[in-house]
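Following: one structure in structure tokens, then a few remarks.
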Amino acid sequence: MIKVRRAGPGDAAEIVRLRGVMLASIGGAEPPPGPWQPAAREVLRERLADPADVMAVFVVDAPDRPGLLAACATGTVERRLGGPGNPSGLTGYVFNVVTDPGYRRRGYSRACLTGLLDWYRDRGVLKIDLRASAEGEGLYRSLGFRDTPGPTLRLSLPAPPS
């Protein structure tokens, strides 16, 4: 049986390490060290300690390496305006689902994501979005995620001059 737990602020460094693993699998190379890592650790420490409970990360500890994580799944809750398909307006967003390469194909990501989906259910979040990589799409579809009807557009604004 896989033991999944909810991450705390002390797990921030390992979650950021796993984020680098995920970014490497998408981009082909691990991102170089930079300001993104301390910024991400700080966000995690703050959000995972926040009593408002709008972010959760579910993790599986590496079974043979104390202090390291084998996998994680991260999610946030946003309150948008309600509508016919989602009267409460609560919307979940899943991201940073990743398993360290040495621990893949053991069900760890599925276990983390299942814990996250249970967390959403407990909070009354019935609409959950994510962006699927080709590697993860089968897992997400097996848990009930489906294509959405509309196109997604994005605008990336330049950072203000420092």
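The chains in the structure tokens are called A, B, ... from first to last as shown; in each chain the residues are counted from 1, and the ligands are counted from 1 in the order shown.
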Please build the interface table for range 43-86 of chain A against range 19-30 of chain A with a cut-off of 12 Å, listing for each qualifying residue the nearest atom pair and the distance in Å to one decimal; count only C-alpha atoms, order rows by chain and increasing number, and write it as JSON lines.
```
{"residue": "A:Leu44", "atom": "CA", "partner": "A:Arg19", "partner_atom": "CA", "distance": 11.8}
{"residue": "A:Leu69", "atom": "CA", "partner": "A:Arg19", "partner_atom": "CA", "distance": 11.4}
{"residue": "A:Ala70", "atom": "CA", "partner": "A:Val21", "partner_atom": "CA", "distance": 11.0}
{"residue": "A:Ala71", "atom": "CA", "partner": "A:Arg19", "partner_atom": "CA", "distance": 10.0}
{"residue": "A:Cys72", "atom": "CA", "partner": "A:Arg19", "partner_atom": "CA", "distance": 9.0}
{"residue": "A:Ala73", "atom": "CA", "partner": "A:Arg19", "partner_atom": "CA", "distance": 10.0}
{"residue": "A:Thr74", "atom": "CA", "partner": "A:Arg19", "partner_atom": "CA", "distance": 10.2}
```
Q.
List as a ChimeraX atom specification the protein and nucleic acid residues near Trp119 in chain A, meaning an atom at most 10 Å away when only C-alpha atoms are counted, but skip any in the same chain fewer than 3 places from it.
A. /A:6,55-58,75,113-116,122-125
Q.
Residues within 8 Å of Glu14 in chain A, please, as a list in words. Count only C-alpha atoms; anything in the same chain fewer than 3 positions from it doesn't count.
A.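 The neighbour list is Asp11, Arg17, Leu18, Leu68 and Leu69 of chain A.
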Q | In chain A, DSSP alpha helix (DSSP H) residues written as a ChimeraX atom specification | A | /A:12-27,36-49,108-122,137-142
Export N, CA and C atoms of the chosen residues as a short mmCIF file (atom, residue, chain, number, x, y, z; two decimals), in the first residue's frame?
```cif
data_model
loop_
_atom_site.label_atom_id
_atom_site.label_comp_id
_atom_site.auth_asym_id
_atom_site.auth_seq_id
_atom_site.Cartn_x
_atom_site.Cartn_y
_atom_site.Cartn_z
N ALA A 12 8.94 22.09 1.26
CA ALA A 12 9.04 23.03 0.13
C ALA A 12 10.25 22.77 -0.75
N ALA A 13 11.42 22.56 -0.18
CA ALA A 13 12.62 22.37 -0.99
C ALA A 13 12.51 21.13 -1.88
N GLU A 14 11.97 20.06 -1.35
CA GLU A 14 11.83 18.83 -2.14
C GLU A 14 10.77 18.98 -3.22
N ILE A 15 9.71 19.70 -2.94
CA ILE A 15 8.68 19.93 -3.96
C ILE A 15 9.27 20.76 -5.10
N VAL A 16 10.10 21.73 -4.78
CA VAL A 16 10.75 22.54 -5.82
C VAL A 16 11.74 21.68 -6.61
N ARG A 17 12.44 20.79 -5.94
CA ARG A 17 13.34 19.88 -6.66
C ARG A 17 12.56 19.04 -7.67
N LEU A 18 11.42 18.50 -7.21
CA LEU A 18 10.59 17.70 -8.12
C LEU A 18 10.03 18.56 -9.25
N ARG A 19 9.76 19.82 -8.97
CA ARG A 19 9.29 20.71 -10.04
C ARG A 19 10.35 20.82 -11.13
N GLY A 20 11.61 20.89 -10.74
CA GLY A 20 12.69 20.90 -11.72
C GLY A 20 12.70 19.64 -12.55
N VAL A 21 12.42 18.49 -11.93
CA VAL A 21 12.33 17.22 -12.65
C VAL A 21 11.20 17.28 -13.67
N MET A 22 10.05 17.82 -13.26
CA MET A 22 8.91 17.93 -14.17
C MET A 22 9.24 18.87 -15.33
N LEU A 23 9.82 20.02 -15.04
CA LEU A 23 10.18 20.98 -16.09
C LEU A 23 11.19 20.37 -17.05
N ALA A 24 12.10 19.56 -16.55
CA ALA A 24 13.07 18.88 -17.41
C ALA A 24 12.38 17.91 -18.35
N SER A 25 11.36 17.20 -17.86
CA SER A 25 10.68 16.23 -18.72
C SER A 25 9.89 16.93 -19.82
N ILE A 26 9.46 18.15 -19.56
CA ILE A 26 8.71 18.91 -20.56
C ILE A 26 9.67 19.59 -21.54
N GLY A 27 10.72 20.21 -21.01
CA GLY A 27 11.61 21.02 -21.83
C GLY A 27 12.84 20.30 -22.35
N TRP A 36 13.96 31.50 -9.58
CA TRP A 36 12.67 30.83 -9.53
C TRP A 36 12.59 29.85 -8.36
N GLN A 37 13.73 29.23 -8.00
CA GLN A 37 13.70 28.21 -6.94
C GLN A 37 13.44 28.80 -5.55
N PRO A 38 14.20 29.83 -5.10
CA PRO A 38 13.85 30.38 -3.79
C PRO A 38 12.46 31.01 -3.77
N ALA A 39 12.05 31.61 -4.90
CA ALA A 39 10.70 32.19 -4.95
C ALA A 39 9.64 31.10 -4.80
N ALA A 40 9.83 29.98 -5.48
CA ALA A 40 8.87 28.87 -5.39
C ALA A 40 8.85 28.28 -3.98
N ARG A 41 10.03 28.13 -3.37
CA ARG A 41 10.08 27.60 -1.99
C ARG A 41 9.32 28.52 -1.04
N GLU A 42 9.50 29.83 -1.21
CA GLU A 42 8.82 30.79 -0.32
C GLU A 42 7.31 30.71 -0.49
N VAL A 43 6.84 30.65 -1.74
CA VAL A 43 5.40 30.53 -1.99
C VAL A 43 4.86 29.26 -1.33
N LEU A 44 5.57 28.17 -1.50
CA LEU A 44 5.12 26.91 -0.89
C LEU A 44 5.08 27.01 0.63
N ARG A 45 6.14 27.54 1.22
CA ARG A 45 6.15 27.65 2.69
C ARG A 45 4.97 28.48 3.19
N GLU A 46 4.70 29.59 2.52
CA GLU A 46 3.59 30.46 2.93
C GLU A 46 2.24 29.78 2.70
N ARG A 47 2.04 29.24 1.51
CA ARG A 47 0.73 28.70 1.15
C ARG A 47 0.42 27.41 1.91
N LEU A 48 1.43 26.58 2.17
CA LEU A 48 1.17 25.33 2.88
C LEU A 48 0.96 25.54 4.37
N ALA A 49 1.35 26.70 4.88
CA ALA A 49 1.12 27.03 6.29
C ALA A 49 -0.13 27.89 6.47
N TYR A 108 2.78 6.06 -7.71
CA TYR A 108 2.94 7.18 -6.78
C TYR A 108 2.19 8.44 -7.23
N SER A 109 2.29 8.79 -8.51
CA SER A 109 1.57 9.98 -8.98
C SER A 109 0.06 9.77 -8.87
N ARG A 110 -0.41 8.58 -9.21
CA ARG A 110 -1.83 8.29 -9.06
C ARG A 110 -2.27 8.45 -7.60
N ALA A 111 -1.48 7.94 -6.68
CA ALA A 111 -1.82 8.05 -5.27
C ALA A 111 -1.85 9.51 -4.82
N CYS A 112 -0.86 10.29 -5.25
CA CYS A 112 -0.83 11.71 -4.88
C CYS A 112 -2.03 12.45 -5.46
N LEU A 113 -2.33 12.18 -6.72
CA LEU A 113 -3.44 12.86 -7.37
C LEU A 113 -4.78 12.44 -6.76
N THR A 114 -4.90 11.18 -6.38
CA THR A 114 -6.13 10.72 -5.72
C THR A 114 -6.31 11.44 -4.38
N GLY A 115 -5.23 11.61 -3.62
CA GLY A 115 -5.31 12.38 -2.38
C GLY A 115 -5.74 13.81 -2.62
N LEU A 116 -5.22 14.41 -3.67
CA LEU A 116 -5.59 15.79 -4.02
C LEU A 116 -7.05 15.88 -4.42
N LEU A 117 -7.53 14.93 -5.21
CA LEU A 117 -8.94 14.95 -5.62
C LEU A 117 -9.87 14.77 -4.42
N ASP A 118 -9.47 13.94 -3.46
CA ASP A 118 -10.26 13.80 -2.23
C ASP A 118 -10.29 15.12 -1.47
N TRP A 119 -9.17 15.83 -1.43
CA TRP A 119 -9.10 17.15 -0.77
C TRP A 119 -10.07 18.11 -1.43
N TYR A 120 -10.11 18.10 -2.76
CA TYR A 120 -11.08 18.96 -3.46
C TYR A 120 -12.51 18.59 -3.10
N ARG A 121 -12.83 17.31 -3.12
CA ARG A 121 -14.20 16.87 -2.79
C ARG A 121 -14.59 17.34 -1.39
N ASP A 122 -13.67 17.21 -0.43
CA ASP A 122 -13.96 17.61 0.95
C ASP A 122 -14.26 19.10 1.07
N GLU A 137 -1.25 12.24 -19.64
CA GLU A 137 -2.63 12.26 -20.12
C GLU A 137 -3.39 10.97 -19.79
N GLY A 138 -2.77 9.82 -19.94
CA GLY A 138 -3.45 8.55 -19.64
C GLY A 138 -3.89 8.47 -18.18
N LEU A 139 -3.04 8.89 -17.27
CA LEU A 139 -3.38 8.91 -15.85
C LEU A 139 -4.58 9.81 -15.61
N TYR A 140 -4.55 11.02 -16.15
CA TYR A 140 -5.64 11.98 -15.91
C TYR A 140 -6.95 11.46 -16.48
N ARG A 141 -6.90 10.93 -17.68
CA ARG A 141 -8.13 10.40 -18.28
C ARG A 141 -8.67 9.22 -17.48
N SER A 142 -7.80 8.38 -16.94
CA SER A 142 -8.25 7.24 -16.14
C SER A 142 -8.94 7.68 -14.85
#
```
